[in-house]
file model-v6.csv (CSV, C-alpha atoms (C1' of nucleotides))
chain,number,residue,atom,x,y,z
K,1,MET,CA,-52.8,-10.6,-48.3
K,2,GLU,CA,-55.0,-7.6,-48.5
K,3,THR,CA,-56.0,-7.7,-44.9
K,4,THR,CA,-52.4,-7.2,-43.8
K,5,TRP,CA,-52.4,-3.6,-44.8
K,6,ALA,CA,-55.4,-2.4,-42.9
K,7,PRO,CA,-53.7,-2.1,-39.5
K,8,ARG,CA,-50.7,-0.4,-41.0
K,9,LEU,CA,-52.9,2.2,-42.6
K,10,ARG,CA,-54.8,2.8,-39.4
K,11,ALA,CA,-51.5,3.0,-37.5
K,12,VAL,CA,-50.6,6.2,-39.4
K,13,GLY,CA,-54.1,7.6,-39.2
K,14,LEU,CA,-55.3,6.7,-42.7
K,15,ARG,CA,-58.6,5.2,-43.5
K,16,VAL,CA,-58.7,1.8,-45.1
K,17,THR,CA,-60.2,2.1,-48.5
K,18,ARG,CA,-60.3,-0.1,-51.6
K,19,PRO,CA,-58.1,2.1,-53.8
K,20,ARG,CA,-55.4,2.2,-51.1
K,21,LEU,CA,-55.4,-1.6,-50.6
K,22,ALA,CA,-55.2,-2.1,-54.3
K,23,VAL,CA,-52.3,0.3,-54.7
K,24,LEU,CA,-50.5,-1.3,-51.8
K,25,ASP,CA,-50.9,-4.8,-53.4
K,26,VAL,CA,-49.5,-3.6,-56.7
K,27,LEU,CA,-46.5,-2.0,-54.9
K,28,ALA,CA,-45.9,-5.3,-53.1
K,29,ASP,CA,-45.7,-7.0,-56.5
K,30,HIS,CA,-43.8,-4.3,-58.3
K,31,PRO,CA,-41.1,-3.0,-56.0
K,32,HIS,CA,-40.4,0.1,-58.2
K,33,ALA,CA,-43.6,0.9,-60.0
K,34,ASP,CA,-44.4,4.2,-61.7
K,35,ALA,CA,-47.8,5.8,-61.4
K,36,ASP,CA,-49.1,4.3,-64.7
K,37,THR,CA,-48.1,0.8,-63.8
K,38,ILE,CA,-49.8,1.2,-60.5
K,39,VAL,CA,-53.0,2.5,-62.1
K,40,THR,CA,-53.1,-0.4,-64.6
K,41,GLY,CA,-52.3,-3.0,-61.9
K,42,ALA,CA,-54.7,-1.7,-59.3
K,43,ARG,CA,-57.6,-1.8,-61.8
K,44,ALA,CA,-57.4,-5.6,-61.6
K,45,GLN,CA,-59.0,-5.1,-58.1
K,46,HIS,CA,-60.8,-1.9,-58.7
K,47,PRO,CA,-61.6,-1.3,-62.4
K,48,THR,CA,-63.0,2.2,-62.1
K,49,LEU,CA,-59.9,3.6,-60.5
K,50,SER,CA,-58.7,6.8,-61.9
K,51,PRO,CA,-55.1,8.1,-62.2
K,52,GLN,CA,-55.8,11.1,-60.0
K,53,THR,CA,-57.0,8.8,-57.3
K,54,VAL,CA,-53.8,6.9,-57.5
K,55,TYR,CA,-51.8,10.2,-57.1
K,56,GLY,CA,-53.9,11.0,-54.1
K,57,VAL,CA,-53.3,7.5,-52.6
K,58,LEU,CA,-49.6,7.7,-53.2
K,59,ASP,CA,-49.3,11.1,-51.6
K,60,ALA,CA,-51.1,9.8,-48.6
K,61,LEU,CA,-48.9,6.7,-48.4
K,62,VAL,CA,-45.8,8.8,-48.7
K,63,SER,CA,-46.8,11.3,-46.1
K,64,GLY,CA,-47.8,8.5,-43.8
K,65,GLY,CA,-44.3,6.9,-44.3
K,66,LEU,CA,-45.7,3.7,-45.8
K,67,ALA,CA,-44.1,4.4,-49.2
K,68,ARG,CA,-41.2,6.3,-50.7
K,69,ARG,CA,-41.1,8.3,-53.9
K,70,ILE,CA,-38.0,8.1,-56.0
K,71,GLU,CA,-37.4,10.2,-59.1
K,72,PRO,CA,-34.6,9.1,-61.3
K,73,ALA,CA,-33.6,11.9,-63.7
K,74,GLY,CA,-35.4,11.8,-67.0
K,75,ALA,CA,-38.1,9.3,-65.9
K,76,PRO,CA,-41.5,9.4,-64.3
K,77,ALA,CA,-41.6,9.0,-60.5
K,78,LEU,CA,-41.4,5.5,-59.0
K,79,PHE,CA,-42.8,4.3,-55.7
K,80,GLU,CA,-41.6,1.6,-53.4
K,81,LEU,CA,-42.6,0.2,-50.0
K,82,ARG,CA,-39.2,-0.2,-48.5
K,83,VAL,CA,-38.9,2.7,-46.2
K,84,GLY,CA,-36.7,3.7,-43.3
K,85,ASP,CA,-33.7,1.4,-44.1
K,86,ASN,CA,-31.6,3.9,-46.0
K,87,HIS,CA,-31.0,1.9,-49.1
K,88,HIS,CA,-30.1,3.3,-52.5
K,89,HIS,CA,-30.8,2.6,-56.1
K,90,LEU,CA,-29.1,1.3,-59.2
K,91,VAL,CA,-30.6,2.6,-62.4
K,92,CYS,CA,-29.9,1.2,-65.9
K,93,ARG,CA,-29.4,4.0,-68.4
K,94,SER,CA,-30.6,1.8,-71.3
K,95,CYS,CA,-33.8,0.2,-70.0
K,96,GLY,CA,-34.5,2.2,-66.9
K,97,ALA,CA,-34.6,-0.9,-64.7
K,98,VAL,CA,-34.1,-0.1,-61.0
K,99,ALA,CA,-32.6,-2.3,-58.3
K,100,ASP,CA,-32.0,-1.8,-54.6
K,101,VAL,CA,-28.6,-1.5,-53.1
K,102,ASP,CA,-28.0,-1.6,-49.4
K,103,CYS,CA,-25.3,1.0,-49.0
K,104,ALA,CA,-22.1,-0.8,-48.1
K,105,VAL,CA,-20.7,2.1,-46.1
K,106,GLY,CA,-23.3,2.1,-43.4
K,107,ALA,CA,-26.3,4.2,-42.4
K,108,ALA,CA,-25.5,7.4,-44.2
K,109,PRO,CA,-22.7,7.1,-46.7
K,110,CYS,CA,-21.5,10.7,-47.3
K,111,LEU,CA,-23.5,12.7,-44.7
K,112,SER,CA,-20.4,14.4,-43.4
K,113,PRO,CA,-18.8,16.4,-46.1
K,114,ALA,CA,-18.1,20.0,-45.2
K,115,THR,CA,-21.5,21.5,-45.8
K,116,PRO,CA,-21.2,25.1,-46.7
K,117,ALA,CA,-22.9,28.0,-44.9
K,118,GLY,CA,-25.0,26.3,-42.2
K,119,PHE,CA,-26.8,23.9,-44.5
K,120,VAL,CA,-28.4,21.1,-42.5
K,121,VAL,CA,-28.6,17.8,-44.3
K,122,ASP,CA,-31.4,15.4,-43.4
K,123,GLU,CA,-31.0,12.8,-46.1
K,124,ALA,CA,-28.4,11.6,-48.6
K,125,GLU,CA,-29.8,10.2,-51.7
K,126,VAL,CA,-27.5,8.1,-53.9
K,127,VAL,CA,-28.3,6.9,-57.4
K,128,PHE,CA,-25.9,4.6,-59.2
K,129,TRP,CA,-26.1,4.9,-63.0
K,130,GLY,CA,-24.9,2.1,-65.2
K,131,SER,CA,-26.0,-0.8,-67.3
K,132,CYS,CA,-27.8,-3.9,-66.3
K,133,ARG,CA,-26.7,-7.3,-67.4
K,134,ASP,CA,-29.4,-7.6,-70.1
K,135,CYS,CA,-28.5,-4.2,-71.7
K,136,GLN,CA,-24.8,-5.0,-71.7
K,137,VAL,CA,-25.6,-8.1,-73.7
K,138,GLU,CA,-27.8,-6.1,-76.1
K,139,ALA,CA,-25.1,-3.4,-76.5
K,140,ALA,CA,-22.5,-6.0,-77.3
K,141,ALA,CA,-24.7,-7.5,-79.9
K,142,GLU,CA,-25.5,-4.2,-81.5
K,143,SER,CA,-21.8,-3.2,-81.7
K,144,VAL,CA,-21.2,-6.1,-84.1
K,145,PRO,CA,-23.6,-5.3,-86.9
K,146,ILE,CA,-24.3,-8.1,-89.3
K,147,ASP,CA,-25.2,-6.4,-92.5
K,148,GLY,CA,-23.5,-3.0,-92.5
K,149,HIS,CA,-26.1,-1.1,-90.5
K,150,GLU,CA,-24.6,1.7,-88.6
K,151,ILE,CA,-23.4,1.0,-85.1
K,152,ARG,CA,-25.4,2.6,-82.4
K,153,GLY,CA,-24.2,3.1,-78.9
K,154,GLY,CA,-26.1,1.4,-76.2
K,155,THR,CA,-27.1,4.5,-74.4
K,156,ARG,CA,-30.7,5.7,-74.6
K,157,ALA,CA,-31.9,9.2,-73.8
J,158,MET,CA,-15.4,37.1,-71.6
J,159,GLU,CA,-17.4,35.9,-74.5
J,160,THR,CA,-14.4,35.2,-76.7
J,161,THR,CA,-13.2,32.6,-74.2
J,162,TRP,CA,-15.9,30.1,-75.1
J,163,ALA,CA,-15.3,30.0,-78.9
J,164,PRO,CA,-12.2,27.7,-78.8
J,165,ARG,CA,-13.8,25.4,-76.3
J,166,LEU,CA,-16.9,25.0,-78.5
J,167,ARG,CA,-14.7,24.3,-81.5
J,168,ALA,CA,-12.6,21.9,-79.5
J,169,VAL,CA,-15.6,19.6,-79.2
J,170,GLY,CA,-16.7,20.1,-82.8
J,171,LEU,CA,-19.5,22.6,-82.2
J,172,ARG,CA,-20.0,25.7,-84.2
J,173,VAL,CA,-19.7,29.1,-82.4
J,174,THR,CA,-23.1,30.8,-82.5
J,175,ARG,CA,-24.6,33.7,-80.7
J,176,PRO,CA,-27.2,31.6,-78.8
J,177,ARG,CA,-24.5,29.3,-77.6
J,178,LEU,CA,-22.3,32.1,-76.3
J,179,ALA,CA,-25.2,33.7,-74.6
J,180,VAL,CA,-26.2,30.5,-72.9
J,181,LEU,CA,-22.6,29.9,-71.7
J,182,ASP,CA,-22.4,33.4,-70.3
J,183,VAL,CA,-25.6,32.9,-68.4
J,184,LEU,CA,-24.4,29.6,-67.0
J,185,ALA,CA,-21.1,31.2,-65.9
J,186,ASP,CA,-23.2,33.8,-63.9
J,187,HIS,CA,-25.7,31.3,-62.6
J,188,PRO,CA,-24.0,28.1,-61.7
J,189,HIS,CA,-27.2,26.1,-61.3
J,190,ALA,CA,-29.7,27.7,-63.7
J,191,ASP,CA,-32.9,26.1,-65.0
J,192,ALA,CA,-34.0,26.4,-68.6
J,193,ASP,CA,-36.3,29.3,-68.0
J,194,THR,CA,-33.6,31.3,-66.1
J,195,ILE,CA,-31.2,30.6,-69.0
J,196,VAL,CA,-33.8,31.8,-71.6
J,197,THR,CA,-34.5,35.0,-69.7
J,198,GLY,CA,-30.8,35.7,-69.0
J,199,ALA,CA,-29.6,35.0,-72.5
J,200,ARG,CA,-32.2,37.3,-74.0
J,201,ALA,CA,-30.1,40.2,-72.6
J,202,GLN,CA,-27.6,39.3,-75.3
J,203,HIS,CA,-30.0,37.9,-77.9
J,204,PRO,CA,-33.5,39.1,-77.5
J,205,THR,CA,-35.2,36.9,-80.0
J,206,LEU,CA,-34.0,33.7,-78.4
J,207,SER,CA,-36.6,31.0,-78.1
J,208,PRO,CA,-36.9,28.4,-75.4
J,209,GLN,CA,-36.6,25.6,-77.9
J,210,THR,CA,-33.3,27.0,-79.1
J,211,VAL,CA,-32.0,27.0,-75.6
J,212,TYR,CA,-33.0,23.3,-75.2
J,213,GLY,CA,-31.1,22.6,-78.4
J,214,VAL,CA,-28.1,24.5,-77.2
J,215,LEU,CA,-28.1,22.8,-73.8
J,216,ASP,CA,-28.4,19.4,-75.4
J,217,ALA,CA,-25.4,20.2,-77.6
J,218,LEU,CA,-23.3,21.5,-74.6
J,219,VAL,CA,-24.2,18.4,-72.6
J,220,SER,CA,-23.3,16.0,-75.4
J,221,GLY,CA,-20.1,17.9,-76.0
J,222,GLY,CA,-19.2,17.6,-72.3
J,223,LEU,CA,-19.2,21.4,-71.7
J,224,ALA,CA,-22.2,21.3,-69.4
J,225,ARG,CA,-23.9,18.9,-67.1
J,226,ARG,CA,-27.6,18.4,-66.5
J,227,ILE,CA,-28.8,17.8,-63.0
J,228,GLU,CA,-32.4,16.9,-62.2
J,229,PRO,CA,-33.3,17.2,-58.5
J,230,ALA,CA,-36.5,15.3,-57.8
J,231,GLY,CA,-39.6,17.5,-58.2
J,232,ALA,CA,-37.9,20.4,-59.9
J,233,PRO,CA,-37.2,21.3,-63.5
J,234,ALA,CA,-33.7,20.3,-64.8
J,235,LEU,CA,-30.7,22.5,-63.9
J,236,PHE,CA,-27.5,23.0,-65.8
J,237,GLU,CA,-24.0,23.7,-64.7
J,238,LEU,CA,-20.6,24.2,-66.3
J,239,ARG,CA,-18.6,22.3,-63.7
J,240,VAL,CA,-17.9,18.9,-65.4
J,241,GLY,CA,-15.6,16.1,-64.9
J,242,ASP,CA,-14.7,16.7,-61.2
J,243,ASN,CA,-17.2,14.4,-59.6
J,244,HIS,CA,-18.8,16.8,-57.2
J,245,HIS,CA,-22.3,16.5,-55.8
J,246,HIS,CA,-25.2,18.6,-54.8
J,247,LEU,CA,-26.9,20.0,-51.7
J,248,VAL,CA,-30.5,20.9,-52.3
J,249,CYS,CA,-32.7,22.9,-50.0
J,250,ARG,CA,-36.1,21.3,-49.6
J,251,SER,CA,-37.8,24.7,-48.9
J,252,CYS,CA,-36.4,27.0,-51.5
J,253,GLY,CA,-34.8,24.7,-54.0
J,254,ALA,CA,-31.4,26.4,-53.7
J,255,VAL,CA,-28.5,24.2,-54.9
J,256,ALA,CA,-24.9,24.2,-53.7
J,257,ASP,CA,-21.9,22.2,-54.8
J,258,VAL,CA,-20.2,19.8,-52.5
J,259,ASP,CA,-16.8,18.2,-53.3
J,260,CYS,CA,-17.3,14.7,-52.1
J,261,ALA,CA,-15.2,14.2,-49.0
J,262,VAL,CA,-14.7,10.5,-49.6
J,263,GLY,CA,-12.8,10.8,-52.9
J,264,ALA,CA,-13.4,10.2,-56.5
J,265,ALA,CA,-16.4,7.8,-56.3
J,266,PRO,CA,-17.9,7.6,-52.8
J,267,CYS,CA,-19.9,4.4,-52.9
J,268,LEU,CA,-19.0,2.8,-56.2
J,269,SER,CA,-18.1,-0.5,-54.6
J,270,PRO,CA,-21.2,-1.9,-53.0
J,271,ALA,CA,-22.1,-5.4,-53.9
J,272,THR,CA,-23.8,-4.7,-57.2
J,273,PRO,CA,-26.4,-7.4,-57.9
J,274,ALA,CA,-26.4,-9.5,-61.0
J,275,GLY,CA,-23.7,-8.1,-63.2
J,276,PHE,CA,-24.7,-4.5,-63.1
J,277,VAL,CA,-21.9,-2.2,-64.2
J,278,VAL,CA,-21.9,1.2,-62.5
J,279,ASP,CA,-20.4,4.1,-64.4
J,280,GLU,CA,-21.5,7.0,-62.2
J,281,ALA,CA,-22.6,7.6,-58.6
J,282,GLU,CA,-24.8,10.5,-58.2
J,283,VAL,CA,-25.3,11.9,-54.7
J,284,VAL,CA,-27.9,14.5,-53.7
J,285,PHE,CA,-28.0,15.8,-50.1
J,286,TRP,CA,-31.4,17.0,-49.1
J,287,GLY,CA,-31.8,19.5,-46.2
J,288,SER,CA,-32.4,23.0,-45.4
J,289,CYS,CA,-30.3,26.1,-46.2
J,290,ARG,CA,-29.5,28.7,-43.6
J,291,ASP,CA,-32.1,31.2,-44.9
J,292,CYS,CA,-34.9,28.6,-44.8
J,293,GLN,CA,-34.0,27.5,-41.3
J,294,VAL,CA,-34.3,31.0,-40.1
J,295,GLU,CA,-37.7,31.4,-41.9
J,296,ALA,CA,-39.0,28.1,-40.5
J,297,ALA,CA,-38.0,29.1,-37.0
J,298,ALA,CA,-39.9,32.4,-37.5
J,299,GLU,CA,-43.0,30.7,-38.8
J,300,SER,CA,-43.2,28.3,-36.0
J,301,VAL,CA,-43.7,31.1,-33.6
J,302,PRO,CA,-46.8,32.8,-35.2
J,303,ILE,CA,-47.5,36.3,-34.1
J,304,ASP,CA,-51.3,36.6,-34.4
J,305,GLY,CA,-52.8,33.2,-34.3
J,306,HIS,CA,-52.5,32.2,-37.9
J,307,GLU,CA,-52.0,28.5,-38.4
J,308,ILE,CA,-48.5,27.1,-38.2
J,309,ARG,CA,-47.2,25.8,-41.4
J,310,GLY,CA,-44.2,23.6,-41.7
J,311,GLY,CA,-41.3,25.0,-43.6
J,312,THR,CA,-41.3,22.3,-46.2
J,313,ARG,CA,-42.5,23.0,-49.6
J,314,ALA,CA,-43.6,20.5,-52.3
W,315,DG,C1',-13.6,38.1,-100.0
W,316,DC,C1',-17.6,35.2,-101.7
W,317,DC,C1',-20.2,30.7,-102.0
W,318,DG,C1',-22.0,26.3,-100.9
W,319,DT,C1',-22.5,22.8,-97.6
W,320,DT,C1',-24.1,21.4,-93.5
W,321,DG,C1',-25.2,22.1,-89.0
W,322,DA,C1',-28.0,25.4,-86.0
W,323,DT,C1',-32.0,28.1,-85.1
W,324,DT,C1',-36.7,29.2,-85.4
W,325,DT,C1',-41.6,28.4,-85.5
W,326,DG,C1',-45.5,26.1,-84.0
W,327,DA,C1',-47.9,22.1,-82.7
W,328,DC,C1',-47.8,18.5,-79.6
W,329,DT,C1',-47.0,14.9,-75.6
W,330,DG,C1',-47.1,13.3,-71.0
W,331,DA,C1',-46.6,13.7,-66.0
W,332,DG,C1',-48.5,15.8,-62.6
W,333,DT,C1',-51.7,19.5,-60.2
W,334,DC,C1',-56.0,21.9,-58.7
W,335,DA,C1',-60.7,22.5,-57.2
W,336,DA,C1',-65.4,21.2,-56.5
W,337,DA,C1',-68.8,17.8,-56.0
W,338,DA,C1',-70.1,13.0,-54.8
W,339,DC,C1',-69.1,9.3,-51.8
W,340,DA,C1',-67.8,6.0,-48.0
W,341,DA,C1',-65.2,4.8,-43.6
W,342,DC,C1',-65.4,5.2,-38.9
W,343,DG,C1',-67.0,6.8,-34.2
W,344,DG,C1',-70.9,7.4,-31.6
G,345,DC,C1',-78.0,3.4,-38.0
G,346,DC,C1',-76.5,8.3,-38.7
G,347,DG,C1',-73.5,12.1,-39.1
G,348,DT,C1',-68.9,13.8,-39.6
G,349,DT,C1',-64.9,14.1,-42.1
G,350,DG,C1',-61.5,12.3,-44.7
G,351,DT,C1',-61.4,10.1,-49.8
G,352,DT,C1',-62.4,9.5,-54.2
G,353,DT,C1',-64.0,11.1,-58.4
G,354,DT,C1',-64.5,14.0,-62.4
G,355,DG,C1',-62.7,17.3,-65.5
G,356,DA,C1',-60.1,21.0,-66.7
G,357,DC,C1',-55.6,22.7,-66.5
G,358,DT,C1',-50.3,23.7,-66.0
G,359,DC,C1',-45.7,23.2,-67.0
G,360,DA,C1',-41.4,21.1,-68.7
G,361,DG,C1',-39.8,19.2,-72.4
G,362,DT,C1',-40.2,17.0,-77.3
G,363,DC,C1',-40.7,16.6,-82.4
G,364,DA,C1',-40.6,18.0,-87.3
G,365,DA,C1',-40.3,21.1,-91.1
G,366,DA,C1',-38.5,25.3,-92.9
G,367,DT,C1',-35.3,29.1,-92.6
G,368,DC,C1',-30.9,30.7,-91.5
G,369,DA,C1',-25.9,31.4,-90.7
G,370,DA,C1',-21.0,29.5,-89.5
G,371,DC,C1',-17.2,27.7,-91.6
G,372,DG,C1',-14.0,25.7,-95.1
G,373,DG,C1',-12.8,25.9,-99.9
G,374,DC,C1',-12.2,28.6,-103.9

call {"tool": "encode", "arguments": {"input": "model-v6.csv", "output": "structure tokens"}}
result
Amino acid sequence: METTWAPRLRAVGLRVTRPRLAVLDVLADHPHADADTIVTGARAQHPTLSPQTVYGVLDALVSGGLARRIEPAGAPALFELRVGDNHHHLVCRSCGAVADVDCAVGAAPCLSPATPAGFVVDEAEVVFWGSCRDCQVEAAAESVPIDGHEIRGGTRA
Amino acid sequence: METTWAPRLRAVGLRVTRPRLAVLDVLADHPHADADTIVTGARAQHPTLSPQTVYGVLDALVSGGLARRIEPAGAPALFELRVGDNHHHLVCRSCGAVADVDCAVGAAPCLSPATPAGFVVDEAEVVFWGSCRDCQVEAAAESVPIDGHEIRGGTRA
DNA sequence: GCCGTTGATTTGACTGAGTCAAAACAACGG
DNA sequence: CCGTTGTTTTGACTCAGTCAAATCAACGGC
């Protein structure tokens, strides 16, 4: 599995190094991993890996177009390998889970609104906020308290 | 102008306090202000105001539905008073300027894609990334260096 | 108009993600 | 195999935002 990445790194002018291969492997396993998850996961292959190195690797991958950085409001940045296919994201307000959505409308859903004053749009980013199945179940359970504890809405910060 | 806010605060069950009125006035003047801008601006009316108080005020306004928090990737959170009209944002990659866009598609642009596995969507957030007129001009100027200094792309972090 | 309750503000310390810079290191081309 | 040059490492640092306890003031009742 690891050897697959080498040519792709070289193709964008990046050297093939152990930290980079480790990070790519973690990303392949965790399609929406945050920096911390990546550090932890990559240490399985490279125990001395430091967080700063991972930031450097991720920067290199993003500039090389091998990875994409997504930053849902209120959460640390996530990274994914799916690039160049204009898909969007579904984020659960309760647990922070992220899922991919291929935009049903086409390549660029809303790229054509009347843009004010000469603004040139190069990307439309869409985030769908809601509740994943698991958290709906949990919220339903919490709203029927058993012993008089107060009811707490299912929405987290 | 200040007296306009009092009933709206009371309408959502919030007390009318000087910090809150000051913050609301700043938001009326700066439609997309970050916390720091708000602190600085509000001190014109209330010099002893602390950043933490502003965070508290903003939290209260957002929970009361009088303000909305937007968090463009890679920048501190911004706050705006336009709420409940499903508009979206245009962000300049170079200077961070934010402009409002009324979504041309309607109330909820892409709310109907095939959502995987029982995910319930309650909001679609759209951010258009690009370059504002001023930064296009600057970028054009920089790409024709006068005295041999290196050319730097117009994109900031 | 004054007082007490209760929510708001203040103060100060703290967290956590991410950045910066300099020195040691290793991948790749010759 | 060696040297160059891009990477990694180390460590200190910044900045936005959070938390908790104590003080303070808005509002409803008297």

call {"tool": "residues_around", "arguments": {"input": "model-v6.csv", "residues": "segment 349-355 of chain G", "least_positions_apart": "4", "cutoff": "8 Å", "atoms": "all atoms listed in the file", "output": "JSON, numbers by chain"}}
result
{"K": [15, 50, 53], "W": [338, 339, 340]}

call {"tool": "residues_around", "arguments": {"input": "model-v6.csv", "residues": "segment 362-374 of chain G", "least_positions_apart": "3", "cutoff": "8 Å", "atoms": "only C-alpha atoms (C1' of nucleotides)", "output": "ChimeraX atom specification"}}
result
/J:172-174 /W:322-324,328-329

call {"tool": "closest_residue", "arguments": {"input": "model-v6.csv", "among": "K:Ala6, K:Leu14, K:Trp129, K:Pro51", "to": "Ser63 of chain K", "atoms": "all atoms listed in the file"}}
result
K:Leu14

call {"tool": "residues_around", "arguments": {"input": "model-v6.csv", "residues": "Ser131 of chain K", "least_positions_apart": "2", "cutoff": "10 Å", "atoms": "all atoms listed in the file", "output": "list of chain:residue names"}}
result
K:Leu90, K:Val91, K:Cys92, K:Arg93, K:Ser94, K:Cys95, K:Gly96, K:Ala97, K:Phe128, K:Trp129, K:Arg133, K:Asp134, K:Cys135, K:Gln136, K:Val137, K:Ala139, K:Gly154, K:Thr155, J:Gly275, J:Phe276, J:Val277, J:Val278, J:Asp279

call {"tool": "write_last_selection", "arguments": {"input": "model-v6.csv", "atoms": "C-alpha atoms", "output": "PDB file, in the coordinates of the input"}}
result
ATOM      1  CA  LEU K  90     -29.100   1.300 -59.200  1.00  0.00           C
ATOM      2  CA  VAL K  91     -30.600   2.600 -62.400  1.00  0.00           C
ATOM      3  CA  CYS K  92     -29.900   1.200 -65.900  1.00  0.00           C
ATOM      4  CA  ARG K  93     -29.400   4.000 -68.400  1.00  0.00           C
ATOM      5  CA  SER K  94     -30.600   1.800 -71.300  1.00  0.00           C
ATOM      6  CA  CYS K  95     -33.800   0.200 -70.000  1.00  0.00           C
ATOM      7  CA  GLY K  96     -34.500   2.200 -66.900  1.00  0.00           C
ATOM      8  CA  ALA K  97     -34.600  -0.900 -64.700  1.00  0.00           C
ATOM      9  CA  PHE K 128     -25.900   4.600 -59.200  1.00  0.00           C
ATOM     10  CA  TRP K 129     -26.100   4.900 -63.000  1.00  0.00           C
ATOM     11  CA  ARG K 133     -26.700  -7.300 -67.400  1.00  0.00           C
ATOM     12  CA  ASP K 134     -29.400  -7.600 -70.100  1.00  0.00           C
ATOM     13  CA  CYS K 135     -28.500  -4.200 -71.700  1.00  0.00           C
ATOM     14  CA  GLN K 136     -24.800  -5.000 -71.700  1.00  0.00           C
ATOM     15  CA  VAL K 137     -25.600  -8.100 -73.700  1.00  0.00           C
ATOM     16  CA  ALA K 139     -25.100  -3.400 -76.500  1.00  0.00           C
ATOM     17  CA  GLY K 154     -26.100   1.400 -76.200  1.00  0.00           C
ATOM     18  CA  THR K 155     -27.100   4.500 -74.400  1.00  0.00           C
TER      19      THR K 155
ATOM     20  CA  GLY J 275     -23.700  -8.100 -63.200  1.00  0.00           C
ATOM     21  CA  PHE J 276     -24.700  -4.500 -63.100  1.00  0.00           C
ATOM     22  CA  VAL J 277     -21.900  -2.200 -64.200  1.00  0.00           C
ATOM     23  CA  VAL J 278     -21.900   1.200 -62.500  1.00  0.00           C
ATOM     24  CA  ASP J 279     -20.400   4.100 -64.400  1.00  0.00           C
TER      25      ASP J 279
END

call {"tool": "closest_atom_pairs", "arguments": {"input": "model-v6.csv", "of": "chain W", "to": "chain K", "cutoff": "9 Å", "atoms": "only C-alpha atoms (C1' of nucleotides)", "output": "tab-separated table"}}
result
residue	atom	partner	partner_atom	distance
W:DA331	C1'	K:Pro76	CA	6.9
W:DG332	C1'	K:Tyr55	CA	8.5
W:DA340	C1'	K:Thr17	CA	8.6
W:DA341	C1'	K:Arg15	CA	6.6
W:DC342	C1'	K:Arg15	CA	8.2

call {"tool": "residues_near_point", "arguments": {"input": "model-v6.csv", "point": "(-48.4, -6.9, -43.4)", "cutoff": "12 Å", "atoms": "only C-alpha atoms (C1' of nucleotides)", "output": "PDB file with C-alpha atoms, in the coordinates of the input"}}
result
ATOM      1  CA  MET K   1     -52.800 -10.600 -48.300  1.00  0.00           C
ATOM      2  CA  GLU K   2     -55.000  -7.600 -48.500  1.00  0.00           C
ATOM      3  CA  THR K   3     -56.000  -7.700 -44.900  1.00  0.00           C
ATOM      4  CA  THR K   4     -52.400  -7.200 -43.800  1.00  0.00           C
ATOM      5  CA  TRP K   5     -52.400  -3.600 -44.800  1.00  0.00           C
ATOM      6  CA  ALA K   6     -55.400  -2.400 -42.900  1.00  0.00           C
ATOM      7  CA  PRO K   7     -53.700  -2.100 -39.500  1.00  0.00           C
ATOM      8  CA  ARG K   8     -50.700  -0.400 -41.000  1.00  0.00           C
ATOM      9  CA  LEU K   9     -52.900   2.200 -42.600  1.00  0.00           C
ATOM     10  CA  ALA K  11     -51.500   3.000 -37.500  1.00  0.00           C
ATOM     11  CA  LEU K  21     -55.400  -1.600 -50.600  1.00  0.00           C
ATOM     12  CA  LEU K  24     -50.500  -1.300 -51.800  1.00  0.00           C
ATOM     13  CA  ASP K  25     -50.900  -4.800 -53.400  1.00  0.00           C
ATOM     14  CA  ALA K  28     -45.900  -5.300 -53.100  1.00  0.00           C
ATOM     15  CA  LEU K  66     -45.700   3.700 -45.800  1.00  0.00           C
ATOM     16  CA  LEU K  81     -42.600   0.200 -50.000  1.00  0.00           C
TER      17      LEU K  81
END

call {"tool": "closest_residue", "arguments": {"input": "model-v6.csv", "among": "J:Ala281, J:Ala224, J:Val255, J:Val211", "to": "chain G", "atoms": "all atoms listed in the file"}}
result
J:Val211

call {"tool": "atom_distance", "arguments": {"input": "model-v6.csv", "atom1": "atom CA of Arg82 of chain K", "atom2": "atom CA of Glu125 of chain K"}}
result
14.4 Å

call {"tool": "atom_distance", "arguments": {"input": "model-v6.csv", "atom1": "atom CA of Ile195 of chain J", "atom2": "atom CA of Gly170 of chain J"}}
result
22.6 Å
